[in-house]
Amino acid sequence: MKKISPAVVCGFGAAVAAFLPGIKNFACCLILPAASFLSLYLYKRITEDRTPLRPMMSANYGLTVGVVSAVFLTLFEVILSALTKTNDFVKDLPQLKELVKQTGLGPESTAALSLLDRISLDIQTTGFSVTFLIVLLFSNLLVNAVFGIVGGLIGMAYINNREQNQ
Amino acid sequence: MRGPQFYFLPALLISAPLLLLAAAYLPMATLLPPPYTYLLKTILGSACHQEPLKCAGSGSREALLCMRCTGIYAGAAAGAVAGLLLRYRLPNYVTGGAWLLLLCDVLCHNLGVYNYSFPAAFLTGLLAGGALFYAAVRGLLTTIHQEAA
């Protein structure tokens, strides 16, 4: 537990930061790699381990940060949608429909749009949609996991390099 | 013996930015139906702010990454490949300097010193992403070699 706690804490912190308006746009390029880096740094401090960080361990650590942040980010988004009965998806849907009208694409698009309409209606009436939850969780898991691993590897390279120089 | 980490981790550092770029520029290359473009836009939404004025193209043929992020990810892929091929060890201040340059460009644009420029955003992003991923791949390979020795 002592070993995994920095990754869980930093993952949660990254989810909170990525949920805040204004800085949420930097979630992947800054917040997640920084959280992975911080979790590795904290791991080294907590365990007082003097050996260089190992690549697979760093990647796993970054992955844990990414997965934890994706789960919490999705949870926050779902809770906010349930409370306000709206979200970015509902707000953007009219714009998307306008785009479909302009491009005049075939029946496939109409079918997909009716699905999006149903999701929007579910959110506006009950505040929750299973399809939206699945899409959001999948999207967050995919992007956050990759950026978490990348952040872990960058952090490992920096920390090992710094320790070698000392 | 070379373990899976020798192949998998550097491959991930190269393929992740390339896949992101491919997904972002897919709507420009082919006319994807809007719902699919929207899905891609949602997935890439956490990787970039996607402000229309800062993205190449327009309407349904708009790129899903801004020009700076395009530069960062293009540089990241190129830097990762260079890190595999070259043995030169990049000092930390070069990476720091490249990111400082990017930050200066963002600040100058936000403070109104000059207007948003596609070439400046792309170039500063390219340098920052390239330096960071070059250093990351070199560091990764050094650690893997040290472990194997």
# chains A, B, ... in the order shown; residues from 1 in each chain; ligands from 1
>>> closest_atom_pairs(of="chain B", to="chain A", cutoff="10 Å", atoms="only C-alpha atoms", output="Markdown table")
| residue | atom | partner | partner_atom | distance |
| --- | --- | --- | --- | --- |
| B:Pro4 | CA | A:Met56 | CA | 9.2 |
| B:Gln5 | CA | A:Met56 | CA | 6.4 |
| B:Phe6 | CA | A:Pro55 | CA | 9.1 |
| B:Phe8 | CA | A:Met56 | CA | 9.7 |
| B:Leu9 | CA | A:Pro55 | CA | 7.9 |
| B:Pro10 | CA | A:Leu153 | CA | 9.5 |
| B:Leu12 | CA | A:Val150 | CA | 7.9 |
| B:Leu13 | CA | A:Val150 | CA | 6.6 |
| B:Ala16 | CA | A:Val146 | CA | 7.1 |
| B:Pro17 | CA | A:Phe147 | CA | 9.7 |
| B:Leu20 | CA | A:Val143 | CA | 9.4 |
| B:Leu31 | CA | A:Thr103 | CA | 9.3 |
| B:Leu32 | CA | A:Leu105 | CA | 9.5 |
| B:Pro33 | CA | A:Ser109 | CA | 6.2 |
| B:Pro34 | CA | A:Val100 | CA | 6.1 |
| B:Pro35 | CA | A:Ala112 | CA | 6.4 |
| B:Tyr36 | CA | A:Ala112 | CA | 8.6 |
| B:Thr37 | CA | A:Leu96 | CA | 9.6 |
| B:Tyr38 | CA | A:Leu96 | CA | 7.6 |
| B:Leu39 | CA | A:Val135 | CA | 8.6 |
| B:Leu40 | CA | A:Ser139 | CA | 9.1 |
| B:Thr42 | CA | A:Ser139 | CA | 7.6 |
| B:Ile43 | CA | A:Ser139 | CA | 5.1 |
| B:Leu44 | CA | A:Val143 | CA | 7.8 |
| B:Gly45 | CA | A:Asn25 | CA | 7.4 |
| B:Ser46 | CA | A:Ala27 | CA | 5.9 |
| B:Ala47 | CA | A:Cys28 | CA | 4.9 |
| B:Cys48 | CA | A:Asn25 | CA | 5.7 |
| B:His49 | CA | A:Asn25 | CA | 5.0 |
| B:Gln50 | CA | A:Asn25 | CA | 8.7 |
| B:Gly59 | CA | A:Leu99 | CA | 7.7 |
| B:Ser60 | CA | A:Leu99 | CA | 7.1 |
| B:Cys69 | CA | A:Cys29 | CA | 8.6 |
| B:Ile72 | CA | A:Cys29 | CA | 9.1 |
| B:Tyr73 | CA | A:Cys29 | CA | 9.6 |
| B:Pro91 | CA | A:Asn161 | CA | 9.7 |
| B:Asn92 | CA | A:Tyr158 | CA | 8.2 |
| B:Gly129 | CA | A:Cys29 | CA | 9.9 |
| B:Leu132 | CA | A:Ile154 | CA | 7.7 |
| B:Phe133 | CA | A:Ile154 | CA | 7.5 |
| B:Tyr134 | CA | A:Ile154 | CA | 9.7 |
| B:Ala135 | CA | A:Ala157 | CA | 7.2 |
| B:Ala136 | CA | A:Ile154 | CA | 4.8 |
| B:Val137 | CA | A:Ala157 | CA | 7.8 |
| B:Arg138 | CA | A:Ala157 | CA | 7.7 |
| B:Gly139 | CA | A:Ala157 | CA | 4.3 |
| B:Leu140 | CA | A:Ala157 | CA | 5.8 |
| B:Leu141 | CA | A:Pro55 | CA | 9.0 |
| B:Thr142 | CA | A:Ala157 | CA | 8.6 |
| B:Thr143 | CA | A:Arg54 | CA | 7.0 |
| B:Ile144 | CA | A:Pro55 | CA | 7.1 |
| B:Gln146 | CA | A:Pro52 | CA | 9.5 |
| B:Glu147 | CA | A:Arg54 | CA | 8.1 |
>>> select_by_dssp(residues="chain A", states="helix (DSSP H, G or I)", output="count of residues only")
140
>>> atom_distance(atom1="atom CA of Leu21 of chain B", atom2="atom CA of Ala76 of chain B")
10.6 Å
>>> atom_distance(atom1="atom CA of Cys104 of chain B", atom2="atom CA of Pro52 of chain B")
21.8 Å
>>> atom_distance(atom1="atom CA of Ala7 of chain A", atom2="atom CA of Ile79 of chain A")
23.3 Å
>>> residues_around(residues="Val8 of chain A", least_positions_apart="6", cutoff="12 Å", atoms="only C-alpha atoms", output="tab-separated table (two decimals) with N, CA, C and O atoms, in the first residue's frame")
chain	number	residue	atom	x	y	z
A	1	MET	N	0.84	-1.22	0.00
A	1	MET	CA	0.00	0.00	0.00
A	1	MET	C	0.86	1.26	0.00
A	1	MET	O	0.55	2.23	-0.68
A	2	LYS	N	1.99	1.17	0.75
A	2	LYS	CA	2.89	2.31	0.83
A	2	LYS	C	3.46	2.63	-0.55
A	2	LYS	O	3.70	3.79	-0.89
A	14	ALA	N	-4.69	14.60	-10.12
A	14	ALA	CA	-4.74	14.94	-11.55
A	14	ALA	C	-6.19	15.03	-12.03
A	14	ALA	O	-6.53	15.92	-12.82
A	15	ALA	N	-7.05	14.13	-11.51
A	15	ALA	CA	-8.47	14.15	-11.90
A	15	ALA	C	-9.12	15.45	-11.42
A	15	ALA	O	-9.89	16.07	-12.16
A	35	ALA	N	1.67	14.64	-12.98
A	35	ALA	CA	1.20	13.79	-11.88
A	35	ALA	C	2.01	12.49	-11.84
A	35	ALA	O	2.37	12.01	-10.75
A	36	SER	N	2.29	11.92	-13.01
A	36	SER	CA	3.09	10.68	-13.06
A	36	SER	C	4.49	10.94	-12.52
A	36	SER	O	5.04	10.15	-11.76
A	38	LEU	N	5.40	13.34	-10.46
A	38	LEU	CA	5.30	13.60	-9.01
A	38	LEU	C	5.14	12.29	-8.23
A	38	LEU	O	5.73	12.12	-7.16
A	39	SER	N	4.34	11.37	-8.78
A	39	SER	CA	4.12	10.10	-8.07
A	39	SER	C	5.43	9.32	-7.96
A	39	SER	O	5.71	8.71	-6.93
A	40	LEU	N	6.25	9.35	-9.02
A	40	LEU	CA	7.54	8.65	-8.98
A	40	LEU	C	8.48	9.32	-7.98
A	40	LEU	O	9.19	8.64	-7.23
A	42	LEU	N	7.57	11.04	-5.34
A	42	LEU	CA	7.08	10.73	-3.99
A	42	LEU	C	7.41	9.29	-3.60
A	42	LEU	O	7.75	9.01	-2.46
A	43	TYR	N	7.32	8.40	-4.60
A	43	TYR	CA	7.66	6.99	-4.34
A	43	TYR	C	9.10	6.88	-3.86
A	43	TYR	O	9.40	6.16	-2.89
A	61	TYR	N	3.61	2.55	-13.01
A	61	TYR	CA	3.23	3.63	-12.11
A	61	TYR	C	2.43	4.70	-12.86
A	61	TYR	O	1.41	5.17	-12.39
A	62	GLY	N	2.95	5.08	-14.05
A	62	GLY	CA	2.25	6.06	-14.88
A	62	GLY	C	0.88	5.55	-15.30
A	62	GLY	O	-0.11	6.30	-15.29
A	63	LEU	N	0.81	4.25	-15.61
A	63	LEU	CA	-0.47	3.64	-16.00
A	63	LEU	C	-1.46	3.72	-14.84
A	63	LEU	O	-2.63	4.05	-15.04
A	64	THR	N	-0.98	3.44	-13.63
A	64	THR	CA	-1.86	3.51	-12.45
A	64	THR	C	-2.39	4.93	-12.26
A	64	THR	O	-3.58	5.12	-12.02
A	65	VAL	N	-1.49	5.92	-12.40
A	65	VAL	CA	-1.92	7.31	-12.28
A	65	VAL	C	-3.00	7.62	-13.33
A	65	VAL	O	-4.03	8.21	-13.03
A	66	GLY	N	-2.75	7.18	-14.57
A	66	GLY	CA	-3.69	7.42	-15.67
A	66	GLY	C	-5.04	6.77	-15.42
A	66	GLY	O	-6.09	7.41	-15.59
A	67	VAL	N	-5.03	5.51	-14.99
A	67	VAL	CA	-6.30	4.78	-14.77
A	67	VAL	C	-7.07	5.40	-13.60
A	67	VAL	O	-8.28	5.64	-13.71
A	68	VAL	N	-6.37	5.69	-12.51
A	68	VAL	CA	-7.04	6.28	-11.34
A	68	VAL	C	-7.64	7.64	-11.71
A	68	VAL	O	-8.80	7.94	-11.39
A	69	SER	N	-6.86	8.46	-12.44
A	69	SER	CA	-7.37	9.78	-12.81
A	69	SER	C	-8.56	9.66	-13.77
A	69	SER	O	-9.52	10.42	-13.65
A	70	ALA	N	-8.51	8.67	-14.69
A	70	ALA	CA	-9.62	8.49	-15.65
A	70	ALA	C	-10.90	8.10	-14.91
A	70	ALA	O	-11.98	8.63	-15.19
A	71	VAL	N	-10.77	7.19	-13.94
A	71	VAL	CA	-11.95	6.72	-13.18
A	71	VAL	C	-12.55	7.89	-12.39
A	71	VAL	O	-13.77	8.14	-12.44
A	72	PHE	N	-11.70	8.65	-11.68
A	72	PHE	CA	-12.22	9.76	-10.87
A	72	PHE	C	-12.77	10.88	-11.75
A	72	PHE	O	-13.80	11.47	-11.43
>>> residues_around(residues="Thr124 of chain B", least_positions_apart="4", cutoff="8 Å", atoms="only C-alpha atoms", output="list in words")
Arg68, Gly71, Ile72, Ala98, Trp99, Leu101, Leu102, Asp105, Ala120 and Ala128 of chain B
>>> closest_residue(among="B:Ala74, B:Cys108, B:Ala149, B:Leu53", to="Ile14 of chain B", atoms="only C-alpha atoms")
B:Ala74
